[in-house]
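So this one's target39.cif, mmCIF, C-alpha atoms:
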```cif
data_protein
loop_
_atom_site.label_atom_id
_atom_site.label_comp_id
_atom_site.auth_asym_id
_atom_site.auth_seq_id
_atom_site.Cartn_x
_atom_site.Cartn_y
_atom_site.Cartn_z
CA MET F 340 42.28 -24.44 2.69
CA ARG F 341 38.58 -25.00 3.25
CA ARG F 342 39.01 -24.17 6.94
CA ARG F 343 40.18 -20.67 6.06
CA TRP F 344 37.13 -20.20 3.89
CA VAL F 345 34.91 -21.26 6.79
CA ALA F 346 36.65 -18.97 9.24
CA ALA F 347 36.10 -16.04 6.91
CA CYS F 348 32.39 -16.67 6.85
CA TRP F 349 31.52 -18.08 10.29
CA GLY F 350 32.61 -16.21 13.38
CA LEU F 351 31.26 -18.85 15.73
CA SER F 352 32.14 -22.13 17.34
CA LEU F 353 30.61 -25.39 16.18
CA CYS F 354 27.17 -25.84 17.61
CA GLY F 355 27.18 -29.63 17.37
CA ALA F 356 23.60 -29.72 16.09
CA LEU F 357 22.92 -32.85 14.05
CA THR F 358 20.42 -33.65 11.33
CA GLY F 359 19.04 -37.16 10.84
CA ALA F 360 16.77 -36.82 7.82
CA ALA F 361 18.43 -39.64 5.92
CA GLU F 362 18.10 -42.15 8.75
CA GLU F 363 14.51 -41.08 9.40
CA HIS F 364 13.48 -41.79 5.81
CA ALA F 365 15.37 -45.09 5.69
CA THR F 366 13.19 -46.51 8.47
CA GLU F 367 10.14 -46.16 6.25
CA GLY F 368 11.34 -49.18 4.28
CA MET F 369 10.47 -47.92 0.80
CA TYR F 370 13.69 -45.99 0.23
CA MET F 371 17.35 -46.99 -0.06
CA GLN F 372 20.63 -45.51 1.10
CA ALA F 373 23.78 -44.54 -0.78
CA THR F 374 26.92 -42.95 0.66
CA PHE F 375 29.67 -41.18 -1.26
CA ALA F 376 32.87 -39.33 -0.33
CA GLY F 377 33.81 -36.69 -2.88
CA GLY F 378 36.05 -34.25 -1.08
CA CYS F 379 34.39 -31.15 0.34
CA PHE F 380 30.87 -32.25 1.21
CA TRP F 381 29.47 -28.78 0.50
CA CYS F 382 30.12 -29.43 -3.20
CA MET F 383 28.47 -32.85 -3.24
CA GLN F 384 25.07 -31.97 -1.82
CA GLN F 385 23.66 -29.77 -4.57
CA PRO F 386 24.06 -32.26 -7.47
CA PHE F 387 22.33 -35.02 -5.51
CA ASP F 388 19.60 -32.70 -4.24
CA GLU F 389 18.86 -31.83 -7.85
CA THR F 390 18.65 -35.47 -8.98
CA PRO F 391 15.06 -36.68 -9.51
CA GLY F 392 14.26 -39.61 -7.23
CA VAL F 393 16.50 -38.43 -4.41
CA ILE F 394 14.35 -38.04 -1.31
CA SER F 395 16.84 -36.38 1.03
CA THR F 396 20.55 -35.83 1.59
CA SER F 397 22.70 -35.22 4.63
CA VAL F 398 26.39 -34.37 4.79
CA GLY F 399 28.54 -35.90 7.48
CA TYR F 400 31.41 -38.15 8.38
CA THR F 401 32.13 -41.85 8.03
CA GLY F 402 34.96 -44.34 7.68
CA GLY F 403 36.83 -43.47 10.85
CA SER F 404 37.34 -44.73 14.38
CA VAL F 405 36.03 -41.82 16.47
CA PRO F 406 32.31 -41.99 17.35
CA HIS F 407 30.25 -38.85 16.85
CA PRO F 408 33.17 -36.73 15.59
CA THR F 409 32.97 -32.97 15.27
CA TYR F 410 34.05 -31.03 12.22
CA GLU F 411 37.10 -29.75 14.05
CA GLN F 412 38.16 -33.31 14.89
CA VAL F 413 37.70 -34.57 11.32
CA LEU F 414 39.53 -31.52 9.98
CA THR F 415 42.75 -32.69 11.65
CA GLY F 416 42.82 -35.79 9.47
CA ASN F 417 43.47 -37.94 12.54
CA THR F 418 40.04 -39.55 12.99
CA GLY F 419 40.08 -41.64 9.81
CA HIS F 420 36.74 -40.19 8.75
CA ALA F 421 35.95 -38.82 5.31
CA GLU F 422 33.53 -36.03 4.54
CA VAL F 423 30.56 -37.72 2.84
CA ILE F 424 27.09 -37.25 1.43
CA ALA F 425 24.41 -39.68 2.58
CA VAL F 426 21.66 -40.05 0.00
CA THR F 427 18.18 -41.45 0.59
CA TYR F 428 16.57 -42.34 -2.71
CA ASP F 429 13.53 -44.02 -4.23
CA PRO F 430 14.81 -46.92 -6.38
CA HIS F 431 11.61 -46.77 -8.43
CA GLN F 432 12.57 -43.27 -9.60
CA VAL F 433 16.35 -43.37 -9.77
CA SER F 434 18.74 -46.30 -9.92
CA TYR F 435 21.92 -46.74 -7.92
CA GLU F 436 23.79 -46.75 -11.24
CA GLN F 437 22.43 -43.28 -11.99
CA LEU F 438 23.59 -42.06 -8.58
CA LEU F 439 27.03 -43.45 -9.33
CA ASP F 440 27.04 -41.40 -12.51
CA VAL F 441 26.20 -38.25 -10.55
CA PHE F 442 29.06 -39.07 -8.18
CA TRP F 443 31.69 -39.61 -10.87
CA ARG F 444 30.70 -36.39 -12.65
CA ASN F 445 31.37 -34.30 -9.57
CA ILE F 446 34.83 -35.49 -8.52
CA ASP F 447 38.32 -36.11 -9.85
CA PRO F 448 38.71 -39.88 -9.26
CA THR F 449 42.44 -39.76 -10.04
CA GLN F 450 43.38 -37.59 -7.04
CA ARG F 451 44.66 -39.54 -4.07
CA TRP F 452 44.06 -38.27 -0.52
CA GLY F 453 42.23 -35.14 -1.43
CA GLN F 454 40.18 -33.21 -3.94
CA PHE F 455 41.38 -30.07 -5.66
CA ALA F 456 42.55 -27.49 -3.06
CA ASP F 457 41.56 -29.71 -0.12
CA ARG F 458 44.21 -32.24 0.83
CA GLY F 459 44.12 -34.95 3.46
CA THR F 460 42.48 -38.31 4.06
CA GLN F 461 39.30 -36.57 5.20
CA TYR F 462 38.88 -35.35 1.61
CA ARG F 463 39.52 -38.70 -0.10
CA THR F 464 37.04 -40.10 -2.60
CA ALA F 465 35.19 -43.31 -1.82
CA ILE F 466 32.00 -45.22 -2.43
CA PHE F 467 30.65 -46.70 0.78
CA VAL F 468 28.49 -49.63 -0.30
CA HIS F 469 25.55 -50.86 1.78
CA ASP F 470 25.18 -54.32 0.27
CA GLU F 471 26.68 -56.69 -2.29
CA ALA F 472 24.49 -55.38 -5.10
CA GLN F 473 25.85 -51.87 -4.56
CA ARG F 474 29.40 -53.21 -4.42
CA GLN F 475 29.03 -54.99 -7.74
CA ALA F 476 27.39 -51.97 -9.37
CA ALA F 477 30.15 -49.69 -8.07
CA GLU F 478 32.90 -52.00 -9.33
CA VAL F 479 31.31 -52.24 -12.80
CA SER F 480 30.78 -48.48 -12.93
CA LYS F 481 34.39 -47.80 -11.99
CA GLN F 482 35.64 -50.29 -14.58
CA HIS F 483 33.53 -48.71 -17.31
CA LEU F 484 34.79 -45.22 -16.43
CA ALA F 485 38.41 -46.43 -16.43
CA ALA F 486 37.92 -48.05 -19.83
CA SER F 487 36.25 -44.97 -21.29
CA GLY F 488 39.52 -43.07 -21.68
CA LYS F 489 38.05 -40.04 -19.90
CA PHE F 490 40.98 -39.96 -17.49
CA ARG F 491 44.64 -40.61 -18.31
CA GLU F 492 45.63 -41.46 -14.74
CA PRO F 493 44.37 -44.52 -12.79
CA LEU F 494 41.16 -44.17 -10.82
CA VAL F 495 41.99 -44.29 -7.11
CA THR F 496 38.48 -43.94 -5.64
CA GLU F 497 37.94 -46.61 -2.99
CA ILE F 498 34.97 -48.97 -2.85
CA VAL F 499 34.47 -50.03 0.75
CA ALA F 500 31.77 -51.30 3.07
CA ALA F 501 29.55 -48.70 4.70
CA VAL F 502 30.13 -48.08 8.40
CA PRO F 503 28.32 -45.77 10.84
CA PHE F 504 27.50 -42.36 9.42
CA TYR F 505 27.54 -39.27 11.64
CA PRO F 506 25.67 -36.19 10.36
CA ALA F 507 27.70 -33.00 10.27
CA GLU F 508 26.80 -29.87 12.18
CA GLU F 509 23.67 -28.10 11.01
CA TYR F 510 25.45 -25.13 9.45
CA HIS F 511 27.13 -27.51 6.97
CA GLN F 512 23.80 -28.95 5.78
CA HIS F 513 22.74 -27.53 2.39
CA TYR F 514 25.50 -24.97 2.65
CA TYR F 515 25.06 -24.08 -1.02
CA ARG F 516 21.64 -22.65 -0.14
CA LYS F 517 22.52 -20.99 3.16
CA GLN F 518 25.65 -19.24 1.93
CA ALA F 519 25.31 -19.26 -1.85
CA ALA F 520 27.87 -16.54 -2.63
CA HIS F 521 30.53 -18.05 -0.40
CA TYR F 522 29.82 -21.55 -1.66
CA ASN F 523 30.13 -20.52 -5.30
CA ALA F 524 33.35 -18.61 -4.61
CA TYR F 525 34.78 -21.65 -2.85
CA LYS F 526 33.77 -24.05 -5.64
CA VAL F 527 35.50 -21.84 -8.20
CA GLY F 528 38.48 -20.96 -6.02
CA SER F 529 39.18 -24.58 -5.11
CA GLY F 530 39.49 -25.53 -8.78
CA ARG F 531 36.55 -27.94 -8.74
CA ALA F 532 34.23 -25.92 -10.99
CA ASP F 533 36.82 -25.45 -13.74
CA PHE F 534 37.83 -29.12 -13.67
CA LEU F 535 34.24 -30.36 -13.93
CA ASN F 536 33.42 -27.93 -16.72
CA LYS F 537 36.44 -28.99 -18.78
CA THR F 538 36.00 -32.70 -18.11
CA TRP F 539 32.28 -33.01 -18.78
CA ARG F 540 31.36 -30.06 -21.04
CA ASP F 541 30.84 -32.34 -24.04
CA HIS F 542 28.63 -34.81 -22.15
#
```
Please express the file's structure as structure tokens.
Amino acid sequence: MRRRWVAACWGLSLCGALTGAAEEHATEGMYMQATFAGGCFWCMQQPFDETPGVISTSVGYTGGSVPHPTYEQVLTGNTGHAEVIAVTYDPHQVSYEQLLDVFWRNIDPTQRWGQFADRGTQYRTAIFVHDEAQRQAAEVSKQHLAASGKFREPLVTEIVAAVPFYPAEEYHQHYYRKQAAHYNAYKVGSGRADFLNKTWRDH
């Protein structure tokens, strides 16, 4: 479904331009990395951008077998990649546990192989952990959410080791800013906005 939304808005072929802001900051040594798959990556960038302590974000692809995939390749569901958000953050300003909370509050962790109107392995939910501390924090966070009674169905979000991340094409980066009207229409039309409002309106 998301492809049809894109086609309606972009009458051009993929340019293949990449952004490497997250990797650039990581080399400075003072920041840390977090990577999350939450379905359509357009909808995951804004909440992390608005989180204090987040230095930069980049949407892209990870978890698959094809190096340097394009959006069109990932869209087929045959590369094994998921659409993800790579987050560079200052651990002195925001904890990994707080980022996990942002993640959970922007997905439906009970949906397998997709999110809302977008179906396929490329839209699966996952936490790609960069070290053992992140793995343990993610496991505890998932257990606490499952025990909270917030969701009736089992949580199916994967917790897996981080593998190479490939930034998406430039027009996907910060899409919510570049094409605000289209982004908001997509978020509502896909069912994500209504689900999040109903699930978290009392929190």
Between CA of Tyr522 in chain F and CA of Arg458 in chain F, distance in Å (one decimal): 18.1 Å
Interatomic distance, CA of Ser395 in chain F to CA of Leu438 in chain F (Å, one decimal):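 Separation between CA of Ser395 in chain F and CA of Leu438 in chain F: 13.0 Å.
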For CA of Tyr505 in chain F and CA of Pro408 in chain F, the interatomic separation in Å (one decimal):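 So the two atoms, CA of Tyr505 in chain F and CA of Pro408 in chain F, lie 7.3 Å apart.
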Distance query Ala456 in chain F at most 10 Å, all atoms listed in the file, self and fewer than 5 positions along chain excluded, as a PyMOL selection string: chain F and resi 340-341+378-379+462+525-526+528-531
Next, dump the selected residues to file, keeping only C-alpha atoms, as a PDB file, keeping the file's coordinate frame.
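And here's out24.pdb as it stands now:
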```
ATOM      1  CA  MET F 340      42.280 -24.440   2.690  1.00  0.00           C
ATOM      2  CA  ARG F 341      38.580 -25.000   3.250  1.00  0.00           C
ATOM      3  CA  GLY F 378      36.050 -34.250  -1.080  1.00  0.00           C
ATOM      4  CA  CYS F 379      34.390 -31.150   0.340  1.00  0.00           C
ATOM      5  CA  TYR F 462      38.880 -35.350   1.610  1.00  0.00           C
ATOM      6  CA  TYR F 525      34.780 -21.650  -2.850  1.00  0.00           C
ATOM      7  CA  LYS F 526      33.770 -24.050  -5.640  1.00  0.00           C
ATOM      8  CA  GLY F 528      38.480 -20.960  -6.020  1.00  0.00           C
ATOM      9  CA  SER F 529      39.180 -24.580  -5.110  1.00  0.00           C
ATOM     10  CA  GLY F 530      39.490 -25.530  -8.780  1.00  0.00           C
ATOM     11  CA  ARG F 531      36.550 -27.940  -8.740  1.00  0.00           C
TER      12      ARG F 531
END
```
Using only C-alpha atoms: which of F:Tyr510, F:Phe504, F:Phe490, F:Tyr435 has the shortest distance to Thr538 in chain F: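 For Thr538 in chain F, the nearest of the given residues is F:Phe490.
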Among listed residues F:Met371, F:Phe467, F:Thr396, F:Glu436, nearest Pro503 in chain F (using all atoms listed in the file):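 Among F:Met371, F:Phe467, F:Thr396, F:Glu436, it is F:Phe467 that comes nearest to Pro503 in chain F.
Nearest residue to Asp440 in chain F among F:Lys481, F:Arg540, F:Arg491, F:Arg516 is F:Lys481, counting only C-alpha atoms.
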Counting all atoms listed in the file, the residue of F:Phe455, F:Tyr514, F:Trp443, F:Tyr428 that sits nearest His483 in chain F: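 Of F:Phe455, F:Tyr514, F:Trp443, F:Tyr428, the one nearest His483 in chain F is F:Trp443, counting all atoms listed in the file.
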Nearest residue to Val495 in chain F from the set F:Val423, F:Val405, F:Ile446, F:Val479 (distances using all atoms listed in the file):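 Residue with the minimum atom-to-atom distance to Val495 in chain F: F:Ile446.
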